[in-house]
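Peer 1: Take a look at the following structure, please.
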Amino acid sequence: MGNFALEGFKYLYKSEEKDEVLLDLEDWFSNKGRVPFHDYFDNTTVSTLILNNLDAHAAFVGGDPVISQYDICYAMLDTMFIREHTRSKDAKLIIEYGASNDYIQKHFLNILAELKPESEYIKENDDRKSDMVVLNGVGECTDPEVAVKNAYETLKDGGVLFAMCIGQTPLKQEIERAFPNEKKYLLAPDCVIWKVRK
Amino acid sequence: MHRITSIVWEPRPWYNVELAKDIALVPYLLHKNHGCEVTLVTGPGEEYTYLEYLEGINFVVLEDSSIECKKEYIRKNIDNIDLFMFYGVTSHDLLMSEYLREIGAKCMKTCALDMNIEYADRLVFYKDPFFSYFDNMDLMWQSDATMTRFLNEKWDWNIECERNGYYNLVKGTSKVDYVPIADRDNTILYVGRIIEEQKRIKTLLDAFVIAADKLPDWTLKLIGPIDPGFFEYLDMFMEYHLEIADRIIVIDNISDKEELHREYEKAKIFASTSDMEGGVPNAMTEALCTGCVMAITQIESYRDCIGNDEAGLSAPIGDAERFSDILVKLCTESDLDKMSKASYDRGQELFNLEKIAGEIYGKLCARGF
């Protein structure tokens, strides 16, 4: 199991295996997005986006006492999501599959409002290929096999899939079966994040 | 005849030294080589001794450097302005640009960006007043290739690459006669403000100390205005390194451009340990145009200067040891004459300000100037 930490100007996933830099705020040239890495004019930065979401987390998850304790996992997922959106100025199409709640969606929409408002975040697949897919495992997914299959098929080549699961759910088992060799980010005994590049 | 105006962009007058830089020289060369009528506008300032070299331009001194005074000038003269040239993204730039919009000015607008990566990251370009400022420009250029590429990836506006260039104000030309390396001294030259902030002079001094034993015949020469807070450090440094103190020459500024130019022509190596610069600094363009071999830190524009190491070598920012390595390597380089010639050729090709001003004129004409 690992930790999510900010050290110096680096957001890290720290684990026994090795530390992984999730977002390096001194890698100035990597920021092609609208929101600065560092503050100069008292404006929003990527760090304030993460912190604001952390503050608003309880409201996002509607006071669900089980889910609300995973705020740090969400903060890490937000950080990984932000990193993807700083790699180019282009708007993205993001499609979510999995559980029907909007816990992850609220986090991501909050970020996109500042970072890339032209992006589109949808939960209904309309046959378009997406730049990013989200597998929502924070809650019950009625048909995990279809959700994972559709998520991967929808994704453009080079696109990225984010998944977050809480608890030993059928969706988690299905993701593990579909992506057995992909790295898992474990922040709590029962919370796992995946990032899969197609 | 095209009528061009540039008004000092800060709430202060032009500095005399700025008249010898691209910010004044580009408009001047548009006058000299392309027949434009150019007006430079400032508040009351110091004595402008370089003005005598900018023959034919109008130099207007306002009552003061306030934005009100500048707006008043714009209001009265707007019908005589075909092109308004902005420089950078300062408070007065933003206010003057907004005022031009307010009064419905029809003139073209250009903006010379001199950005470094930290500033470009922090700039909230997608919100006003910055968004409107950039969106209002007919032509924008950045002064180095790396940042130009980056801005084009980050912004929706098209940014051209027009480097800072060299122009010999006294001789009235960008052409420089090449002095072969054999006719030069074993000098490592630095020209610029002698200050720790941004220029990191301590790193340069430390690097020379580390390299000194291996370079017994070499001298480090620093030329530029010395920061008052730096005198004490220099005294201490010289006292502590008495054994090489006679090989470190510090000259508190040379305002005679020809005398300074000869210093470049006499030096084999030009060194800079800056931690940030907007584009390619003027001192580096002159060093390249005179054929100095470059020892520089990896600021954004370092590849513009040294290419693929054919015109010099680079070291990471703030690393005295690595910088001393490149000094030793260059000073003992058997092919230094070849590198010097490559530096000179690079200067003539990429940093000739007359050529650059011509490119800008061409781009303006293509946009309906």
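Residues in the structure tokens are numbered from 1 in each chain, the chains being A, B, ... in the order shown, and ligands are numbered from 1 in the order shown.
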Find the residues around A:Asn150 up to 12 Å (only C-alpha atoms counted), leave out those fewer than 3 positions away in its own chain, and share them as a ChimeraX atom specification.

Peer 2: /A:95-98,123-130,133-135,143-147,153-156,161,178

Peer 1: Write the residues of the preceding selection, restricted to N, CA and C atoms, as a compact mmCIF listing (two decimals), in the first residue's frame.

Peer 2:
# COMPACT_ATOMS: atom_id res chain seq x y z
N ILE A 95 -15.61 9.91 -21.26
CA ILE A 95 -16.84 9.13 -21.06
C ILE A 95 -16.70 8.28 -19.79
N GLU A 96 -17.73 8.32 -18.98
CA GLU A 96 -17.68 7.55 -17.73
C GLU A 96 -18.57 6.31 -17.83
N TYR A 97 -18.08 5.21 -17.29
CA TYR A 97 -18.83 3.96 -17.19
C TYR A 97 -18.80 3.50 -15.74
N GLY A 98 -19.61 2.53 -15.44
CA GLY A 98 -19.57 1.93 -14.11
C GLY A 98 -20.74 2.33 -13.26
N LYS A 123 -21.88 10.58 -19.73
CA LYS A 123 -22.05 9.24 -19.14
C LYS A 123 -22.80 8.32 -20.10
N GLU A 124 -23.28 8.91 -21.15
CA GLU A 124 -23.97 8.09 -22.16
C GLU A 124 -23.08 7.99 -23.38
N ASN A 125 -22.75 6.82 -23.78
CA ASN A 125 -21.91 6.68 -24.97
C ASN A 125 -22.74 6.94 -26.23
N ASP A 126 -22.27 7.86 -27.04
CA ASP A 126 -23.02 8.17 -28.27
C ASP A 126 -22.21 7.76 -29.50
N ASP A 127 -21.48 6.68 -29.36
CA ASP A 127 -20.71 6.09 -30.46
C ASP A 127 -19.46 6.86 -30.86
N ARG A 128 -19.14 7.92 -30.14
CA ARG A 128 -17.88 8.60 -30.45
C ARG A 128 -16.74 7.91 -29.72
N LYS A 129 -15.54 8.01 -30.29
CA LYS A 129 -14.35 7.51 -29.60
C LYS A 129 -13.89 8.59 -28.63
N SER A 130 -13.45 8.19 -27.46
CA SER A 130 -13.10 9.18 -26.44
C SER A 130 -11.60 9.26 -26.21
N VAL A 133 -11.42 7.58 -20.69
CA VAL A 133 -12.61 6.96 -20.08
C VAL A 133 -12.38 6.83 -18.58
N VAL A 134 -13.50 6.85 -17.87
CA VAL A 134 -13.45 6.72 -16.42
C VAL A 134 -14.30 5.53 -16.04
N LEU A 135 -13.74 4.64 -15.26
CA LEU A 135 -14.53 3.52 -14.74
C LEU A 135 -14.81 3.81 -13.27
N ASP A 143 -23.42 -4.07 -14.54
CA ASP A 143 -22.87 -5.04 -15.48
C ASP A 143 -21.38 -4.74 -15.72
N PRO A 144 -20.53 -5.18 -14.79
CA PRO A 144 -19.10 -4.83 -14.85
C PRO A 144 -18.43 -5.27 -16.14
N GLU A 145 -18.77 -6.45 -16.60
CA GLU A 145 -18.10 -6.97 -17.80
C GLU A 145 -18.33 -6.05 -19.00
N VAL A 146 -19.59 -5.63 -19.16
CA VAL A 146 -19.93 -4.73 -20.27
C VAL A 146 -19.27 -3.37 -20.08
N ALA A 147 -19.28 -2.90 -18.83
CA ALA A 147 -18.70 -1.58 -18.54
C ALA A 147 -17.22 -1.55 -18.94
N GLU A 153 -13.13 -0.29 -25.42
CA GLU A 153 -13.42 -0.20 -26.87
C GLU A 153 -13.66 1.24 -27.30
N THR A 154 -14.25 2.01 -26.42
CA THR A 154 -14.55 3.41 -26.72
C THR A 154 -13.29 4.25 -26.81
N LEU A 155 -12.29 3.83 -26.08
CA LEU A 155 -11.07 4.64 -25.94
C LEU A 155 -10.27 4.68 -27.25
N LYS A 156 -9.84 5.92 -27.60
CA LYS A 156 -8.96 6.05 -28.77
C LYS A 156 -7.59 5.44 -28.47
N LEU A 161 -7.34 5.40 -19.62
CA LEU A 161 -8.47 4.94 -18.81
C LEU A 161 -8.12 5.12 -17.34
N ALA A 178 -9.28 -7.89 -16.63
CA ALA A 178 -9.04 -7.28 -17.95
C ALA A 178 -7.63 -6.69 -18.07

Peer 1: Counting only C-alpha atoms, which residues in chain A sit no more than 7 Å from chain B? For each one, give the nearest pair of atoms and the distance in Å, sorted by chain then residue number, as CSV.

Peer 2:
residue,atom,partner,partner_atom,distance
A:Trp28,CA,B:Ile117,CA,6.4
A:Phe29,CA,B:Ile117,CA,7.0
A:Lys32,CA,B:Lys154,CA,4.5
A:Gly33,CA,B:Lys154,CA,6.5
A:Arg34,CA,B:Tyr126,CA,6.7
A:Pro36,CA,B:Arg122,CA,5.1
A:Phe37,CA,B:Asp121,CA,6.7
A:His38,CA,B:Arg122,CA,5.9
A:Asp39,CA,B:Arg122,CA,6.0
A:Tyr40,CA,B:Arg122,CA,5.7
A:Ser88,CA,B:Lys154,CA,7.0
A:Lys89,CA,B:Lys154,CA,5.5

Peer 1: For atom CA of B:Met339 and atom CA of B:Ile251, quote the distance in Å rounded to one decimal.

Peer 2: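 Atom-to-atom, atom CA of B:Met339 and atom CA of B:Ile251 are spaced 26.8 Å apart.
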
Peer 1: Mind listing the strand (DSSP E) residues of stretch 105-208 of chain B, per DSSP on the backbone, as a ChimeraX atom specification?

Peer 2: /B:108-113,139-142,160-161,185-191

Peer 1: Can you tell me, as an MDAnalysis selection string, what residues are no more than 12 Å from A:Ile50 when counting only C-alpha atoms, ignoring any on the same chain fewer than 3 positions away?

Peer 2: chainID A and resid 6 11 23 35 37 44:47 53:57 71:83 107:108 110:112 114:115

Peer 1: By how many Å are atom CA of B:Lys214 and atom CA of B:Leu242 apart?

Peer 2: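 Interatomic distance here is 16.7 Å.
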
Peer 1: Would you pick out the contacts of A:Gly139 at 9 Å or less, using only C-alpha atoms, so that residues sharing its chain but fewer than 5 positions from it are not included, and give the list as an MDAnalysis selection string?

Peer 2: chainID A and resid 67 98:101 165:167 169
